[in-house]
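Below: the structure, in structure tokens.
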Protein chains: 2
Amino acid sequence: MTWFANPPSRGICHWGMRLGCAGLLAIATSVSAADHAKDVDPFIGVDWDGEVFLGATVPFGMVKLGPDVRTFDGKLIKSGYHSTGEVVGFSHLHLSGGAGKYGNILVAPVTGALQPADIHSPRSDEEASVGYYSTYLSRYRTRAELTASRRAGMQRYTFTDAGDAHVTVDIQHAINTGTGPEDQRFLGGDVKVVSSHEIEGVGRYIGGWNEGGEYRVYFYLATDTPAAGAQTWQGRRLGKTPHARIDADQDLGASLDYRVEAGQAIQVKVGISFISVARARRNAEQEIPGWNFAAAHQAAVAQWNRALSKIEIHGANEVERRKFYTALYHTMLTPSDHTGENPKWSSDQPYYDDFQAIWDIFRSNGPLLALIAPDRQRDMVRSLIDTYRHADYMPDARVGNDNGRTQGGSNADVLVADAYVKGLTGIDYATGLQAMLKDAQVPPADPRKHGRGGLDTYNTLGYIAQPTERAGSRTVEYAYDDFTIAELACGLGHAQEAKRYIGQAGNWANLWDASLEQEGVKGFLRPRNADGSWGAPYLVKRGTWPDFFYEGDLWTYSLYAPQDVRRLIDMAGGNEAFVKRLDVFFDRSHFDITNEPGFLIPDLYLWAGRPDRTADRIIDHLEKFFLDTRAGIPGNDDSGAMSSWYAFQSMGFYPNAGQDVYLIGTPSFPQVDMQLGNGKTFSIVAENFRPDRLNRYVQSATLNGKPLDTAWFRHGQIADGGTLKLVMGSAPSRWGTLTPPPSLSDPGFALCGHYGGPR
Amino acid sequence: MTWFANPPSRGICHWGMRLGCAGLLAIATSVSAADHAKDVDPFIGVDWDGEVFLGATVPFGMVKLGPDVRTFDGKLIKSGYHSTGEVVGFSHLHLSGGAGKYGNILVAPVTGALQPADIHSPRSDEEASVGYYSTYLSRYRTRAELTASRRAGMQRYTFTDAGDAHVTVDIQHAINTGTGPEDQRFLGGDVKVVSSHEIEGVGRYIGGWNEGGEYRVYFYLATDTPAAGAQTWQGRRLGKTPHARIDADQDLGASLDYRVEAGQAIQVKVGISFISVARARRNAEQEIPGWNFAAAHQAAVAQWNRALSKIEIHGANEVERRKFYTALYHTMLTPSDHTGENPKWSSDQPYYDDFQAIWDIFRSNGPLLALIAPDRQRDMVRSLIDTYRHADYMPDARVGNDNGRTQGGSNADVLVADAYVKGLTGIDYATGLQAMLKDAQVPPADPRKHGRGGLDTYNTLGYIAQPTERAGSRTVEYAYDDFTIAELACGLGHAQEAKRYIGQAGNWANLWDASLEQEGVKGFLRPRNADGSWGAPYLVKRGTWPDFFYEGDLWTYSLYAPQDVRRLIDMAGGNEAFVKRLDVFFDRSHFDITNEPGFLIPDLYLWAGRPDRTADRIIDHLEKFFLDTRAGIPGNDDSGAMSSWYAFQSMGFYPNAGQDVYLIGTPSFPQVDMQLGNGKTFSIVAENFRPDRLNRYVQSATLNGKPLDTAWFRHGQIADGGTLKLVMGSAPSRWGTLTPPPSLSDPGFALCGHYGGPR
């Protein structure tokens, strides 16, 4: 044990702090935000297919420290957590929903003899709240508690019995490992015990769901208690050498070894960096100075309370509050703020990672943040544009510092346009437009990585011809992406581009076969050959890679034209036929709430003058599919996409992402107040609201005191705050039936000139 | 107005009573059962596809008096009720789940001018509890309250304003009317105003989901207040003639007309009969003597409390109690006790109707009642056998006094055998066996009505050959029905029949194509021709009439062999392959909790030695799909079938219907006590139970103090009460893995000789 140096003193607030402890506590307690942290139940949606992250993190935190679980058959859960199975330890990086990446730097307590290949334990007495997770590991008779800051995690292990104990770190461990194209692989790493209480190192990994290139995770681990000894392991060799290194997919790790007393607690702090060990150390020491677990936890809670207090719902019961604020919490887990941690390029722009995927989150997460956290959304959009500058294209998905993989269109375009039409300032929209034009014009070398696949036929024929994969979903999404390009081009004064792309915005209709009939409904999208002839209809219920549609079926994608629902209705036979079509769609279970491409469909009734049906469908789905249980999210939460749909629709409105238009549904609460980030508040008041939802139909409305006869309004009408008052009743009314939301085909449709961009 | 006579005095307890009012009140208040009526929320499951009856009724009541609703577009809801839309009145006969029949004798209050073709109103302030429903009809500014006895309903209308008011009855009205084969049609009727406070008559109807023949509903309506006048209508003619009659599908009804004071209440009583007006009157007068609405309501509540108190769950929170007792309530809405109301034949046997369908309820409703209400289940089985005596065959479904239509096998067989192996006495099992043998041997004239379709090839080839409809699902169900015939034949000493049918019990395997592969799983059922050759595989996701499978797909029906899971496992490649197959089945969403044919599948893991997986799957599905909301039932409740699955599985065990075996799952409560109807109590105690369901795996068990090493037990072991104690833990254990539940292929399988029949 001669190679130890600098044993730390134990206790609160010692070395390496730049902020004093007293200062930290002052920050943590000076917050006056409402305490909605207590309304969050992090267990909601962790099971079934929800795959929500469970563990300790801060809003948009880079570090998401949580338990990784293996089934009782010994297989690791690919998203990290599940309610059943055994805990193998606590790793520092996770996604939330849409699993398949990370799970790096696994730290675990062990008691008794150390067997690195056999670290796992049943658990009991799990507790979780925002910024906190705790469980009792019964095999080791040890309680583990976790909290986190943005780039560091803190753990506290309390050992029940006196005896041998170990604080271990496993570098090889990752989740979703294997040999398939979507699996992660460990490439090797380095681990060094640098003192009686410090370990540092790096792991190198590749692959995962996004099929990304190698990423490196550096760490610095410190404990508050000097160890009696230490060990490292590489491959099958466990020994006292302080440094281990491996360049293959083999075991690699280290342990600090203790003789503990009964009831003794040992605290562990781990800083993470994508750049260097030094930065990892700095992250730990700056963000969690000292050894005050309660203070670190309280700081995380305070961050969450600030973030969650942007929305105040009134008149909700405990269950409704829990569902709502947990949903809001889910929307703030990812993307992750990696600013200062970009190993790929240097710039003065913010850097966000963990867009998994923009295809999921552009529809409602982005517009939600643009409303209640515009600075955050601004920084994300800046990061997307900076990624274009330095990494070829804006991503459709990006994780582990690499773009990949594409799902539908190039929907980062929608996020840029959405920021523009919502008036977000501080964004280089000129470069944003360049990035969007590159999407639209330059075929990527690898269309699974980023950019638009099938661009050749799309740009020559106006549709993606067979046999390119995802030709149907890509065509309709590209057409909408093109619409958003036209919006931004128009706003920035590029009339030529605006004209070209407003033309392409109608391309979705090029795959419409008016004669194709299903279940009494006529007119659907259909595969089409390069010579203009039709291919065989694609009737599979749920398409998936590499089919004609991506994660959505014929019915769903044949309703995708958010830029021109009016034309869609006309092609589908007019208002009455369209309402009937939507009724068949919902009544015969073609609507798939478990996936994103149909998110807007309940609101399409508004264009046909039937706000009552929109209200019915929304309430049906909110009631049926969003629960306050571990199985409480209908499909994969996909970075909070499901949760953001729930949050918007339960507030009573929903965005048409990329446009300055909000669609009015039916509120689940008598009043909602939203802080818009500019000191202004937007309130929705539902008069005659009843918790039994019988008074679900709007009878009349005012916006900022003036009568509002439409079931929609523009962002500009609420950008400076205001109040939308809805008078509710038990029967449908004439309200909202006369002037539908805007469509490109409307006579006099104005592309620019509404709120239309930052002032 | 000269044709009025005998105006009644108003108030409580006057004419026509055989029971005095005091006596009635004494009955109502002498009940000492636990008050679980308050735990029931009748709104659970009324929406989405649940189609649960909403309104006033008693357990298994013939009269189910509830609101019929039309959408805001004017279309009647085919099950009667929905949360949105307008109330058209309150009709007296309904099913619960599996809609499409009844909705007869619609009574409604009207204020202002009477327009018979335009009676409907928005509603507000709906309230419902067991035996009670109330709403405010805003168009008529009238509060309506409903309660019911077995064959009569009572209503109280409270008029807000002074002015003209009417108590109307609509004879033409029925739900699910139209011209399709599953629609109801009104054939005509007769209505007569017989005094200033009495109307009587009859309606004749035909059709509906069961494609049944004509049924007649007689009624006698009385109010507590003499009217100032009356009218009738037939077709478009409204007039003061006291008698109206029509023999076609045209409007027909009557009204008692009042001048009411503000706040005045008028009470209405309606007796229903399938035999005569006189009986309808007797039913009203005997069952609801006098005019004490509260007493009638209280009597209904008392009946529910007696019925619901058969099961006591401990340690449940308010939501769990609400879900559980509402589920129990759902299982006691149908079949309906029509004893004394059989228009088709006279006998001394009980008469139950509204089996819609046995295919739904044989799996878990029947076995549940056999445990907690054996006298009720006995009477239902007696009624089935009596139907065979007088109406050709036992029904697979029966509504409106007519058999029809068949869905899968002849599963009344299973109910008879289930009663036998559970030891129910008072049943003529010899005739029961005859009825079962007729099912098995005599092809019916109309196989959609009852009996077994495809019997020719089934009995010669051992499978139903192509192209007979439902050949797959029928073959496997017939094979199981044959197994239950063998059980009963064996128990009654008919060795010859027992031998024949135990042979046929293996017929399901004749459609097994060992080479058919789907998603990496091998061995599935497949259509087969009469010459023994295979037809094209039937791969449609959800089969429905007239496909190879009925309301279930390839995956589901290829797991249907409740009599011989051991052989199924062997054919599927052994325990390990079978567990993998089940995992694929659940993980890839082949399990359809919204329909009945897969109800047993979560328990199939037990035969492969994996009680832990059974526990996981049950908890997953209980948590995800059973809610305490109006959308709270995963599929159509189908006469409480869904609810009975929930009730059993949440208590911690599940029946293998038709066998004397119960399968142990994982309890949702720390203790459940069931009263077995013989003064004995069976308790399930879960030690170390945790509400968060982490301790979901049984570690060890005792039954009546003796160690129980199997994850199953026999009815005989609990028939005299006892206690099953399960010690729960957070990790799977060896418990229950060694001796799987019985299978026909087990060496030494004993068909008779367990509890094996009534003592």
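Residues are referred to by chain and number: the chain letter is A, B, ... according to the order shown in the structure tokens, the number counts from 1 in that chain, and ligands are numbered separately from 1 in the order shown.
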What are the nearest atom pairs, with distances in Å to one decimal, for all residues of chain B that come at most 8 Å from chain A, using only C-alpha atoms, set out by chain and rising residue number as JSON lines?
{"residue": "B:Trp48", "atom": "CA", "partner": "A:Asp620", "partner_atom": "CA", "distance": 6.9}
{"residue": "B:Phe72", "atom": "CA", "partner": "A:Pro732", "partner_atom": "CA", "distance": 7.2}
{"residue": "B:Ser83", "atom": "CA", "partner": "A:Leu694", "partner_atom": "CA", "distance": 7.1}
{"residue": "B:Thr84", "atom": "CA", "partner": "A:Leu694", "partner_atom": "CA", "distance": 6.8}
{"residue": "B:Gly85", "atom": "CA", "partner": "A:Ala731", "partner_atom": "CA", "distance": 7.1}
{"residue": "B:Pro122", "atom": "CA", "partner": "A:Ala731", "partner_atom": "CA", "distance": 6.6}
{"residue": "B:Arg123", "atom": "CA", "partner": "A:Ser730", "partner_atom": "CA", "distance": 7.2}
{"residue": "B:Ser124", "atom": "CA", "partner": "A:Ser730", "partner_atom": "CA", "distance": 7.1}
{"residue": "B:Asp620", "atom": "CA", "partner": "A:Trp48", "partner_atom": "CA", "distance": 6.9}
{"residue": "B:Glu623", "atom": "CA", "partner": "A:Ala631", "partner_atom": "CA", "distance": 6.4}
{"residue": "B:Lys624", "atom": "CA", "partner": "A:Ala631", "partner_atom": "CA", "distance": 5.3}
{"residue": "B:Thr629", "atom": "CA", "partner": "A:Glu623", "partner_atom": "CA", "distance": 7.0}
{"residue": "B:Arg630", "atom": "CA", "partner": "A:Glu623", "partner_atom": "CA", "distance": 7.7}
{"residue": "B:Ala631", "atom": "CA", "partner": "A:Lys624", "partner_atom": "CA", "distance": 5.3}
{"residue": "B:Gly632", "atom": "CA", "partner": "A:Lys624", "partner_atom": "CA", "distance": 6.8}
{"residue": "B:Leu694", "atom": "CA", "partner": "A:Thr84", "partner_atom": "CA", "distance": 6.8}
{"residue": "B:Ser730", "atom": "CA", "partner": "A:Pro122", "partner_atom": "CA", "distance": 6.9}
{"residue": "B:Ala731", "atom": "CA", "partner": "A:Pro122", "partner_atom": "CA", "distance": 6.6}
{"residue": "B:Pro732", "atom": "CA", "partner": "A:Phe72", "partner_atom": "CA", "distance": 7.2}
* Using DSSP on the backbone, list every residue of stretch 267-413 of chain A that comes out as alpha helix (DSSP H), and give them as a ChimeraX atom specification. => /A:277-287,293-308,318-330,358-361,365-372,374-391,412-413
Next, write the just-selected residues to a file, as a JSON list (two decimals), in the first residue's frame, keeping C-alpha atoms as the atom set.
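Result saved to again_22.json:
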[["chain", "number", "residue", "atom", "x", "y", "z"],
["A", 277, "VAL", "CA", -9.55, 13.31, -16.98],
["A", 278, "ALA", "CA", -8.54, 16.78, -15.87],
["A", 279, "ARG", "CA", -11.88, 18.17, -16.95],
["A", 280, "ALA", "CA", -13.70, 15.27, -15.34],
["A", 281, "ARG", "CA", -11.94, 16.15, -12.10],
["A", 282, "ARG", "CA", -12.72, 19.82, -12.48],
["A", 283, "ASN", "CA", -16.37, 19.01, -13.16],
["A", 284, "ALA", "CA", -16.61, 17.00, -9.95],
["A", 285, "GLU", "CA", -14.79, 19.55, -7.83],
["A", 286, "GLN", "CA", -16.54, 22.61, -9.17],
["A", 287, "GLU", "CA", -20.02, 21.27, -9.35],
["A", 293, "PHE", "CA", -24.67, 14.97, 0.09],
["A", 294, "ALA", "CA", -27.74, 16.84, 1.31],
["A", 295, "ALA", "CA", -26.48, 20.08, -0.16],
["A", 296, "ALA", "CA", -25.77, 18.49, -3.52],
["A", 297, "HIS", "CA", -29.20, 16.92, -3.50],
["A", 298, "GLN", "CA", -30.83, 20.19, -2.52],
["A", 299, "ALA", "CA", -29.05, 22.01, -5.34],
["A", 300, "ALA", "CA", -30.48, 19.53, -7.83],
["A", 301, "VAL", "CA", -33.97, 19.89, -6.37],
["A", 302, "ALA", "CA", -33.70, 23.66, -6.60],
["A", 303, "GLN", "CA", -32.81, 23.45, -10.29],
["A", 304, "TRP", "CA", -35.80, 21.22, -10.90],
["A", 305, "ASN", "CA", -38.12, 23.51, -8.99],
["A", 306, "ARG", "CA", -37.02, 26.45, -11.09],
["A", 307, "ALA", "CA", -37.56, 24.49, -14.29],
["A", 308, "LEU", "CA", -40.91, 22.98, -13.30],
["A", 318, "GLU", "CA", -52.80, 14.93, -6.36],
["A", 319, "VAL", "CA", -52.81, 12.31, -9.10],
["A", 320, "GLU", "CA", -53.25, 14.90, -11.83],
["A", 321, "ARG", "CA", -50.45, 17.04, -10.42],
["A", 322, "ARG", "CA", -48.22, 13.99, -10.27],
["A", 323, "LYS", "CA", -48.95, 13.07, -13.85],
["A", 324, "PHE", "CA", -48.51, 16.60, -15.13],
["A", 325, "TYR", "CA", -45.29, 17.57, -13.38],
["A", 326, "THR", "CA", -43.75, 14.18, -14.04],
["A", 327, "ALA", "CA", -44.53, 14.66, -17.72],
["A", 328, "LEU", "CA", -42.90, 18.06, -17.59],
["A", 329, "TYR", "CA", -39.91, 16.52, -15.83],
["A", 330, "HIS", "CA", -39.64, 13.94, -18.62],
["A", 358, "ILE", "CA", -35.42, 15.01, -33.41],
["A", 359, "TRP", "CA", -38.02, 13.00, -35.34],
["A", 360, "ASP", "CA", -39.60, 12.32, -31.94],
["A", 361, "ILE", "CA", -39.18, 15.67, -30.25],
["A", 365, "ASN", "CA", -41.03, 19.01, -27.00],
["A", 366, "GLY", "CA", -39.41, 21.75, -29.05],
["A", 367, "PRO", "CA", -42.50, 23.99, -29.19],
["A", 368, "LEU", "CA", -43.04, 23.45, -25.44],
["A", 369, "LEU", "CA", -39.55, 24.65, -24.57],
["A", 370, "ALA", "CA", -39.87, 27.52, -27.05],
["A", 371, "LEU", "CA", -42.79, 28.68, -24.91],
["A", 372, "ILE", "CA", -41.62, 28.12, -21.34],
["A", 374, "PRO", "CA", -37.02, 29.97, -24.80],
["A", 375, "ASP", "CA", -33.39, 30.48, -23.79],
["A", 376, "ARG", "CA", -32.94, 26.73, -23.53],
["A", 377, "GLN", "CA", -34.60, 26.13, -26.86],
["A", 378, "ARG", "CA", -32.52, 28.91, -28.40],
["A", 379, "ASP", "CA", -29.34, 27.21, -27.19],
["A", 380, "MET", "CA", -30.43, 23.85, -28.57],
["A", 381, "VAL", "CA", -31.13, 25.36, -31.97],
["A", 382, "ARG", "CA", -27.79, 27.17, -31.87],
["A", 383, "SER", "CA", -26.15, 23.85, -31.13],
["A", 384, "LEU", "CA", -27.92, 22.22, -34.09],
["A", 385, "ILE", "CA", -26.71, 24.95, -36.40],
["A", 386, "ASP", "CA", -23.20, 24.69, -34.97],
["A", 387, "THR", "CA", -23.28, 20.97, -35.63],
["A", 388, "TYR", "CA", -24.04, 21.77, -39.26],
["A", 389, "ARG", "CA", -21.06, 24.12, -39.30],
["A", 390, "HIS", "CA", -18.65, 21.53, -37.95],
["A", 391, "ALA", "CA", -20.15, 18.13, -38.65],
["A", 412, "ALA", "CA", -34.12, 19.83, -37.44],
["A", 413, "ASP", "CA", -35.39, 22.19, -40.17]]
Considering only strand (DSSP E or B) as DSSP defines it on the backbone, what residues of stretch 53-177 of chain A qualify? List them as a PDB file with C-alpha atoms, in the first residue's frame.
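Printed below is states_6.pdb as written:
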ATOM      1  CA  ALA A  56     -30.402  11.325 -10.321  1.00  0.00           C
ATOM      2  CA  LEU A  65     -26.635   8.664 -12.746  1.00  0.00           C
ATOM      3  CA  GLY A  66     -28.862   5.664 -12.284  1.00  0.00           C
ATOM      4  CA  PRO A  67     -29.014   1.983 -11.558  1.00  0.00           C
ATOM      5  CA  ASP A  68     -28.350  -0.487 -14.336  1.00  0.00           C
ATOM      6  CA  VAL A  69     -30.368  -3.643 -13.959  1.00  0.00           C
ATOM      7  CA  ARG A  70     -30.065  -7.136 -15.281  1.00  0.00           C
ATOM      8  CA  LEU A  76     -28.815  -6.354 -19.018  1.00  0.00           C
ATOM      9  CA  GLU A  86     -30.895  -7.180  -9.976  1.00  0.00           C
ATOM     10  CA  VAL A  87     -28.848  -4.015  -9.750  1.00  0.00           C
ATOM     11  CA  VAL A  88     -25.332  -4.354 -11.194  1.00  0.00           C
ATOM     12  CA  GLY A  89     -24.288  -0.852 -10.179  1.00  0.00           C
ATOM     13  CA  PHE A  90     -24.815   2.806 -10.981  1.00  0.00           C
ATOM     14  CA  SER A  91     -23.612   4.219 -14.268  1.00  0.00           C
ATOM     15  CA  LEU A 106     -20.437   1.837 -13.526  1.00  0.00           C
ATOM     16  CA  VAL A 107     -19.778   2.342  -9.842  1.00  0.00           C
ATOM     17  CA  ALA A 108     -20.953  -0.186  -7.279  1.00  0.00           C
ATOM     18  CA  PRO A 109     -20.416  -1.028  -3.639  1.00  0.00           C
ATOM     19  CA  VAL A 110     -19.467  -4.589  -2.787  1.00  0.00           C
ATOM     20  CA  THR A 111     -19.040  -6.271   0.588  1.00  0.00           C
ATOM     21  CA  SER A 121     -27.569  -7.685  -6.034  1.00  0.00           C
ATOM     22  CA  ARG A 123     -32.654  -4.584  -4.183  1.00  0.00           C
ATOM     23  CA  SER A 124     -35.432  -3.405  -1.937  1.00  0.00           C
ATOM     24  CA  ASP A 125     -36.841  -0.177  -0.582  1.00  0.00           C
ATOM     25  CA  GLU A 126     -36.282   1.821  -3.716  1.00  0.00           C
ATOM     26  CA  GLU A 127     -36.977   5.523  -3.469  1.00  0.00           C
ATOM     27  CA  ALA A 128     -36.742   8.105  -6.170  1.00  0.00           C
ATOM     28  CA  SER A 129     -37.464  11.806  -6.384  1.00  0.00           C
ATOM     29  CA  TYR A 132     -32.282  11.537  -5.958  1.00  0.00           C
ATOM     30  CA  TYR A 133     -32.370   7.755  -6.019  1.00  0.00           C
ATOM     31  CA  SER A 134     -31.845   5.262  -3.245  1.00  0.00           C
ATOM     32  CA  THR A 135     -32.060   1.534  -2.793  1.00  0.00           C
ATOM     33  CA  TYR A 136     -30.924  -1.178  -0.442  1.00  0.00           C
ATOM     34  CA  LEU A 137     -28.689  -3.818  -2.030  1.00  0.00           C
ATOM     35  CA  THR A 142     -25.654  -1.762   1.751  1.00  0.00           C
ATOM     36  CA  ARG A 143     -27.855   1.240   1.137  1.00  0.00           C
ATOM     37  CA  ALA A 144     -26.887   3.280  -1.903  1.00  0.00           C
ATOM     38  CA  GLU A 145     -28.017   6.870  -2.457  1.00  0.00           C
ATOM     39  CA  LEU A 146     -27.408   8.934  -5.576  1.00  0.00           C
ATOM     40  CA  THR A 147     -27.573  12.577  -6.516  1.00  0.00           C
ATOM     41  CA  ALA A 148     -26.067  14.551  -9.380  1.00  0.00           C
ATOM     42  CA  ALA A 152     -20.907  14.859 -11.925  1.00  0.00           C
ATOM     43  CA  GLY A 153     -22.596  12.314  -9.744  1.00  0.00           C
ATOM     44  CA  MET A 154     -22.432  11.750  -6.017  1.00  0.00           C
ATOM     45  CA  GLN A 155     -23.177   8.530  -4.183  1.00  0.00           C
ATOM     46  CA  ARG A 156     -23.383   7.579  -0.525  1.00  0.00           C
ATOM     47  CA  TYR A 157     -23.040   3.969   0.549  1.00  0.00           C
ATOM     48  CA  THR A 158     -24.077   2.985   4.057  1.00  0.00           C
ATOM     49  CA  PHE A 159     -22.853  -0.448   5.065  1.00  0.00           C
ATOM     50  CA  GLY A 163     -16.190  -6.055   7.476  1.00  0.00           C
ATOM     51  CA  ASP A 164     -14.617  -5.901   4.038  1.00  0.00           C
ATOM     52  CA  ALA A 165     -16.159  -3.399   1.651  1.00  0.00           C
ATOM     53  CA  HIS A 166     -15.223  -2.122  -1.783  1.00  0.00           C
ATOM     54  CA  VAL A 167     -16.019   0.855  -3.943  1.00  0.00           C
ATOM     55  CA  THR A 168     -15.696  -0.504  -7.466  1.00  0.00           C
ATOM     56  CA  VAL A 169     -15.705   1.082 -10.883  1.00  0.00           C
ATOM     57  CA  ASP A 170     -16.295  -0.970 -14.020  1.00  0.00           C
ATOM     58  CA  THR A 177     -23.889  -4.287 -25.879  1.00  0.00           C
TER      59      THR A 177
END
* To do: For stretch 442-457 of chain A, work out the shell of residues within 9 Å, counting only C-alpha atoms and skipping chain neighbours fewer than 2 positions away, then give it as number ranges by chain.
  => A: 210-212, 392-397, 402-410, 437-440, 459-465, 468-471, 474-475, 478, 530
